[in-house]
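Step one of this worksheet: look at the structure below.
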There are 2 protein chains.
Amino acid sequence: MEEFRIVPESLHNDLVTRAYQRRGYSAEEAALATRMCAEATRHGNRTHNALKALHLDHLFGTGIGEWNPGAKIDVRPSRFPAVQHWNANRKIGQAVAYQAFDTCIELAEKFGVGVVAVDNATHYLWGGGYAIDVAQRGYIAYTNCTSSLAEVVPFGGKFPTLGTNPHTWGFPTTEAIGFPIVLDWATSTVAMGRVQQLKREGGTLPPDSAVDHEGRDTRDPNAVYALKTFGAHKGYGMALLNELFGAAIGGSLPTIRNRPGAPAGEKTTASFYFQVIHPEAIRTDHFAQGRSLAENLTAVIRDILGHGNENSMLPGQPEAEGAKRSAKAGGLLFSNAEIAEFAPIAHECGADERQWQPAYFPVFQP
Amino acid sequence: MEEFRIVPESLHNDLVTRAYQRRGYSAEEAALATRMCAEATRHGNRTHNALKALHLDHLFGTGIGEWNPGAKIDVRPSRFPAVQHWNANRKIGQAVAYQAFDTCIELAEKFGVGVVAVDNATHYLWGGGYAIDVAQRGYIAYTNCTSSLAEVVPFGGKFPTLGTNPHTWGFPTTEAIGFPIVLDWATSTVAMGRVQQLKREGGTLPPDSAVDHEGRDTRDPNAVYALKTFGAHKGYGMALLNELFGAAIGGSLPTIRNRPGAPAGEKTTASFYFQVIHPEAIRTDHFAQGRSLAENLTAVIRDILGHGNENSMLPGQPEAEGAKRSAKAGGLLFSNAEIAEFAPIAHECGADERQWQPAYFPVFQP
């Protein structure tokens with residue numbers, strides 16, 4: 001098993017916050033952006049940590065003058081009290097997402113359901129992190145967004161015109177089973193990062209995950225031209241859904257999103273959709289056997305994983321186990337390679353880069 | 001190509017309404033139940049037509065005294081104005097679903113979003129039909145429900161503890177592209193009906209669609225013990241979602257749903273979740289190039305299906321083509337075998353069964 005070392009969360013957060021501020025973000029933006037980076041690592045998410053977040057900002061954000069540090073969010077005037085439409089003015093996604101879900105919760109407390117749709121959005125890093133947070137606070141969370149780049153072909157197509165467009169749901173099952181059930185995945189079978197990794201390390205892609213230049217299925221990472229959606233036409237429909245929400249919210253053509261050289265008058269920003277349902281608003285007063293809502297959820301989940309299904313897992317379980325490991329470690333767990341990658345970030349923002357040597361951090365004993 | 005004959009819609013509707021009333025349903029219930037049967041056939045849906053609807057009522061409904069003709073819906077008192085919780089008291093699903101979506105639309109007109117959650121529900125036949133209707137009226141529709149029987153194993157499991165639990169979305173794209181985009185599918189790879197058909201006709205199942213008694217993958221319809229979810233853990237999560245919504249709304253253990261011999265004090269009914277979003281509530285005032293909402297949707301959809309993707313289809317397109325065919329025919333299209341199956345239904349309710357001979361109906365010339 002890979003070796004992980006324990007990095008004090010305060011050290012991680014100080015560095016990442018400093019890196020964001022160095023790039024022009026306000027203290028509040030940097031703090032919220034960092035918070036989601038820490039949550040990702042705390043929950044064992046190794047693809048959407050601070051390294052990825054800062055890299056995204058470099059590729060699509062302040063690195064090319066596209067994201068807008070200190071941007072104010074404009075709330076559009078509306079006659080609909082349970083739904084808000086925001087123009088985020090390319091404010092950093094983590095700050096927008098935390099605020100949007102907070103607003104959804106306020107609306108759900110008042111109306112039973114609350115929606116915030118965000119135009120001129122950037123990237124919110126990891127939908128699962130917000131959904132876990134909202135579900136732990138007792139609400140049903142849902143979010144989708146249009147992904148940075150169109151890398152996925154529509155079902156039966158050969159040119160990438162869809163983002164890897166994720167969907168994320170969080171269900172407040174902590175009282176029932178100890179952690180929130182969270183679904184959080186891209187609508188492509190694999191991520192483009194996985195293709196790059198297989199190119200570097202050798203190996204073949206899973207079946208039905210990519211096409212070559214001619215639109216033919218390929219499992220050779222070197223022949224990959226574009227990704228396929230998961231679950232054939234069903235995953236395709238779900239990827240399309242984010243583009244439709246995005247198109248309504250204010251996004252434009254997926255093939256020019258985050259690409260240089262868009263025609264004048266076009267928009268190249270992403271769109272976010274956030275929704276919270278208050279479970280008290282959709283629950284019965286008459287659960288079977290006089291059970292409470294939490295007891296009923298426990299009973300249903302036990303039934304699903306019973307009867308010989310003990311090898312099945314619940315979505316959200318790996319993240320919950322990650323959080324337990326981090327709590328046991330008393331810090332954030334990073335691999336040696338990851339820790340080494342923080343050194344240039346420390347250098348970038350004038351922090352002590354020598355601090356970021358793997359040997360300085362204790363090895364985690366699981 | 002299979003031969004279809006044109007059945008006058010009024011003849012079909014008169015017979016189906018009479019059959020429902022014969023079984024005890026009120027005139028209003030029978031009319032709404034029949035309306036969805038006609039919509040299914042009109043849109044080319046051959047699995048969820050009147051024959052299936054009346055069979056479902058026979059298997060799970062009045063045939064065994066479980067559904068409750070003439071039942072009144074109780075709306076639960078609630079402090080949440082945009083969300084309603086209904087106890088349907090086992091009223092027939094089509095009547096409940098039409099009414100629930102109408103209420104969602106009223107709520108969405110007022111709040112921007114509206115939700116109706118339904119406890120003690122039966123079966124609403126075809127989610128896609130309601131979503132098409134709501135989308136054609138200009139709104140974003142979503143519904144899920146727990147399916148009649150647990151026939152699907154959780155990912156990695158071997159015992160069926162999940163329904164084929166469908167998800168349905170409808171998007172108001174009629175102005176943009178001529179028809180609503182509609183996603184409507186079960187979370188199993190195939191339906192149990194497909195397994196039965198392959199048993200009768202011979203043939204093998206698609207890969208990854210079913211398991212045998214030991215939980216091993218099988219493509220032999222005779223060895224099938226339970227179905228698998230589509231898209232591995234992703235489809236599993238989506239099947240689970242309906243069970244979680246169902247458990248919150250008031251449903252009970254999936255393995256006893258619609259099964260005889262449930263323990264005393266248990267519930268065996270299904271649950272429905274309906275949601276409508278007003279597109280005006282989530283739209284920007286600033287689409288690129290000064291486009292309208294419909295124009296922006298058109299541009300995005302053209303981009304997705306352009307660039308050599310002309311062989312791709314949009315979800316909802318087959319249903320739209322079905323509706324066009326039916327309009328051209330000036331009636332509902334049924335196969336000879338389907339028409340023959342209406343004869344015993346006519347017999348059951350004292351109508352003229354001799355009328356239901358294929359030769360009496362003109363062949364449709366596409």
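As shown in the structure tokens, the chain order sets the letters A, B, ...; within each chain, residues go from 1, and ligands are also counted from 1 in the order they appear.
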
- Task: Could you please tell me, as a PyMOL selection string, which residues of chain A have an atom within 6 Å of chain B when using only C-alpha atoms?
- Result: chain A and resi 80-83+85+111-112+117+155-158+161+230-231+247-250+253+265-267+282-284+287-289+297+300+304+309+312

- Message: Going by DSSP on the backbone, which residues of segment 79-246 of chain B come out as helix (DSSP H, G or I)? List them as a ChimeraX atom specification.
- Response: /B:93-111,127-136,174-177,192-201,221-223,232-246

Mind dumping the selected residues with C-alpha atoms as an mmCIF file, in the first residue's frame?
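Output contents, as saved in selection.cif:
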```cif
data_model
loop_
_atom_site.group_PDB
_atom_site.id
_atom_site.type_symbol
_atom_site.label_atom_id
_atom_site.label_comp_id
_atom_site.auth_asym_id
_atom_site.auth_seq_id
_atom_site.Cartn_x
_atom_site.Cartn_y
_atom_site.Cartn_z
ATOM 1 C CA GLY B 93 -50.846 6.484 -10.315
ATOM 2 C CA GLN B 94 -51.724 8.195 -13.597
ATOM 3 C CA ALA B 95 -54.411 10.308 -11.905
ATOM 4 C CA VAL B 96 -52.011 11.203 -9.092
ATOM 5 C CA ALA B 97 -49.112 12.008 -11.438
ATOM 6 C CA TYR B 98 -51.103 14.359 -13.680
ATOM 7 C CA GLN B 99 -52.424 16.181 -10.649
ATOM 8 C CA ALA B 100 -49.013 16.289 -8.959
ATOM 9 C CA PHE B 101 -47.319 17.818 -11.990
ATOM 10 C CA ASP B 102 -50.146 20.368 -12.318
ATOM 11 C CA THR B 103 -49.537 21.338 -8.701
ATOM 12 C CA CYS B 104 -45.749 21.501 -9.281
ATOM 13 C CA ILE B 105 -46.393 23.900 -12.165
ATOM 14 C CA GLU B 106 -48.613 26.116 -9.989
ATOM 15 C CA LEU B 107 -45.898 26.150 -7.320
ATOM 16 C CA ALA B 108 -43.175 26.859 -9.900
ATOM 17 C CA GLU B 109 -45.207 29.753 -11.297
ATOM 18 C CA LYS B 110 -45.267 31.226 -7.817
ATOM 19 C CA PHE B 111 -41.898 30.221 -6.346
ATOM 20 C CA GLY B 127 -42.760 8.973 -16.478
ATOM 21 C CA GLY B 128 -41.717 10.142 -19.932
ATOM 22 C CA GLY B 129 -45.319 10.943 -20.832
ATOM 23 C CA TYR B 130 -45.742 13.443 -18.008
ATOM 24 C CA ALA B 131 -42.309 14.963 -18.627
ATOM 25 C CA ILE B 132 -43.153 15.519 -22.310
ATOM 26 C CA ASP B 133 -46.410 17.178 -21.301
ATOM 27 C CA VAL B 134 -44.787 19.450 -18.702
ATOM 28 C CA ALA B 135 -41.896 20.340 -21.038
ATOM 29 C CA GLN B 136 -44.306 21.144 -23.862
ATOM 30 C CA THR B 174 -39.897 22.743 -28.351
ATOM 31 C CA GLU B 175 -39.371 26.346 -29.466
ATOM 32 C CA ALA B 176 -35.639 25.650 -29.887
ATOM 33 C CA ILE B 177 -35.691 22.362 -31.819
ATOM 34 C CA MET B 192 -37.176 -8.013 -16.613
ATOM 35 C CA GLY B 193 -39.645 -8.061 -19.504
ATOM 36 C CA ARG B 194 -36.702 -8.201 -21.890
ATOM 37 C CA VAL B 195 -35.336 -11.249 -20.040
ATOM 38 C CA GLN B 196 -38.725 -12.976 -20.392
ATOM 39 C CA GLN B 197 -38.829 -12.113 -24.084
ATOM 40 C CA LEU B 198 -35.352 -13.587 -24.665
ATOM 41 C CA LYS B 199 -36.389 -16.714 -22.770
ATOM 42 C CA ARG B 200 -39.352 -17.127 -25.128
ATOM 43 C CA GLU B 201 -37.589 -16.164 -28.343
ATOM 44 C CA PRO B 221 -31.897 -15.500 -19.867
ATOM 45 C CA ASN B 222 -32.704 -18.884 -18.282
ATOM 46 C CA ALA B 223 -30.015 -18.429 -15.650
ATOM 47 C CA ALA B 232 -21.828 -0.013 -12.760
ATOM 48 C CA HIS B 233 -21.623 2.011 -9.504
ATOM 49 C CA LYS B 234 -23.050 5.148 -11.139
ATOM 50 C CA GLY B 235 -26.348 3.548 -12.135
ATOM 51 C CA TYR B 236 -26.392 1.798 -8.753
ATOM 52 C CA GLY B 237 -26.184 5.163 -7.030
ATOM 53 C CA MET B 238 -29.067 6.428 -9.126
ATOM 54 C CA ALA B 239 -31.215 3.391 -8.276
ATOM 55 C CA LEU B 240 -30.365 3.885 -4.620
ATOM 56 C CA LEU B 241 -31.393 7.534 -4.832
ATOM 57 C CA ASN B 242 -35.019 6.573 -5.563
ATOM 58 C CA GLU B 243 -35.008 4.248 -2.549
ATOM 59 C CA LEU B 244 -33.694 7.092 -0.359
ATOM 60 C CA PHE B 245 -36.304 9.524 -1.664
ATOM 61 C CA GLY B 246 -38.881 6.771 -1.207
#
```

- Query: Just how far from atom CA of His48 of chain A is atom CA of Glu3 of chain A, in Å to one decimal?
  - Reply: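 It comes out at 19.0 Å.
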
- Taking the DSSP assignment computed from this structure's backbone, write out as number ranges by chain all residues of segment 135-297 of chain A that belong to strand (DSSP E or B). A: 140-145, 152, 162, 167-171, 181-185, 188, 210-211, 217, 226-227, 229, 270-277

Can those selected residues be exported to a file as a PDB file, in the first residue's frame so that it contains C-alpha atoms?
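Output file result_15.pdb is given in full below:
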```
ATOM      1  CA  ILE A 140     -30.736  16.916   0.467  1.00  0.00           C
ATOM      2  CA  ALA A 141     -28.160  18.468  -1.873  1.00  0.00           C
ATOM      3  CA  TYR A 142     -27.890  18.381  -5.637  1.00  0.00           C
ATOM      4  CA  THR A 143     -25.545  20.167  -8.000  1.00  0.00           C
ATOM      5  CA  ASN A 144     -24.441  19.915 -11.609  1.00  0.00           C
ATOM      6  CA  CYS A 145     -22.157  22.089 -13.696  1.00  0.00           C
ATOM      7  CA  VAL A 152     -16.759  13.805 -24.552  1.00  0.00           C
ATOM      8  CA  LEU A 162     -19.810  17.674 -24.202  1.00  0.00           C
ATOM      9  CA  HIS A 167     -23.773  15.246 -11.188  1.00  0.00           C
ATOM     10  CA  THR A 168     -23.662  15.251  -7.409  1.00  0.00           C
ATOM     11  CA  TRP A 169     -26.292  14.314  -4.832  1.00  0.00           C
ATOM     12  CA  GLY A 170     -25.928  14.289  -1.069  1.00  0.00           C
ATOM     13  CA  PHE A 171     -28.478  12.653   1.242  1.00  0.00           C
ATOM     14  CA  ILE A 181     -24.707   9.035   1.142  1.00  0.00           C
ATOM     15  CA  VAL A 182     -23.071  10.973  -1.672  1.00  0.00           C
ATOM     16  CA  LEU A 183     -23.146  10.327  -5.412  1.00  0.00           C
ATOM     17  CA  ASP A 184     -20.515  12.317  -7.220  1.00  0.00           C
ATOM     18  CA  TRP A 185     -19.218  11.419 -10.646  1.00  0.00           C
ATOM     19  CA  SER A 188     -17.683  10.200 -18.916  1.00  0.00           C
ATOM     20  CA  ALA A 210     -12.972   6.419 -25.514  1.00  0.00           C
ATOM     21  CA  VAL A 211     -12.889   6.850 -29.296  1.00  0.00           C
ATOM     22  CA  ASP A 217     -13.841   2.613 -29.940  1.00  0.00           C
ATOM     23  CA  ALA A 226     -12.211  11.881 -27.116  1.00  0.00           C
ATOM     24  CA  LEU A 227     -14.048  10.241 -24.219  1.00  0.00           C
ATOM     25  CA  THR A 229     -20.193   8.806 -21.725  1.00  0.00           C
ATOM     26  CA  ALA A 270     -19.178  27.540 -17.205  1.00  0.00           C
ATOM     27  CA  SER A 271     -22.541  27.372 -15.407  1.00  0.00           C
ATOM     28  CA  PHE A 272     -23.458  25.938 -12.008  1.00  0.00           C
ATOM     29  CA  TYR A 273     -26.813  24.627 -10.759  1.00  0.00           C
ATOM     30  CA  PHE A 274     -27.390  24.155  -7.004  1.00  0.00           C
ATOM     31  CA  GLN A 275     -30.464  22.777  -5.248  1.00  0.00           C
ATOM     32  CA  VAL A 276     -31.388  21.950  -1.660  1.00  0.00           C
ATOM     33  CA  ILE A 277     -34.511  20.122  -0.495  1.00  0.00           C
TER      34      ILE A 277
END
```

- Item | For His58 of chain B, the nearest of the candidates B:Arg23, B:Arg216, B:Arg90, B:Lys228, counting only C-alpha atoms | B:Arg23

- Task: Give the answer as one residue: which of B:Lys52, B:Arg259, B:Arg42, B:Arg22 has the shortest atom-to-atom distance to Val7 of chain B, using only C-alpha atoms?
- Result: B:Arg42

- Counting only C-alpha atoms, the option among B:Ala71, B:Ser148, B:His43, B:Pro166 closest to Glu28 of chain B: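 Result for the nearest residue to Glu28 of chain B: B:Ala71.
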
- If we count only C-alpha atoms, what is near Leu54 of chain A at a cut-off of 9 Å, once residues fewer than 3 positions away on the same chain are taken out, given as a list in words? Val16, Ala19, Tyr20, Asn49, Ala50, Leu51, Asp57, His58, Leu59 and Ile345 of chain A

Write a file of the just-selected residues containing C-alpha atoms, as a PDB file, in the first residue's frame.
```
ATOM      1  CA  VAL A  16      -2.781  27.289  -0.052  1.00  0.00           C
ATOM      2  CA  ALA A  19      -0.909  30.975  -2.822  1.00  0.00           C
ATOM      3  CA  TYR A  20      -4.421  32.109  -3.692  1.00  0.00           C
ATOM      4  CA  ASN A  49      -6.922  18.494  -3.965  1.00  0.00           C
ATOM      5  CA  ALA A  50      -5.071  21.810  -3.589  1.00  0.00           C
ATOM      6  CA  LEU A  51      -2.539  20.821  -6.242  1.00  0.00           C
ATOM      7  CA  ASP A  57      -6.440  28.424 -11.570  1.00  0.00           C
ATOM      8  CA  HIS A  58      -3.176  28.507 -13.504  1.00  0.00           C
ATOM      9  CA  LEU A  59      -4.634  26.851 -16.628  1.00  0.00           C
ATOM     10  CA  ILE A 345       3.922  26.377  -4.610  1.00  0.00           C
TER      11      ILE A 345
END
```

- Please indicate the distance in Å from atom CA of Gly163 of chain B to atom CA of Ile73 of chain B, rounded to one decimal place.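 Separation of atom CA of Gly163 of chain B and atom CA of Ile73 of chain B: 24.5 Å.
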
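Distances from A:Leu149, A:Leu11, A:Ser209, A:Ala38 to Leu56 of chain A were compared using only C-alpha atoms, and the smallest one belongs to A:Leu149.
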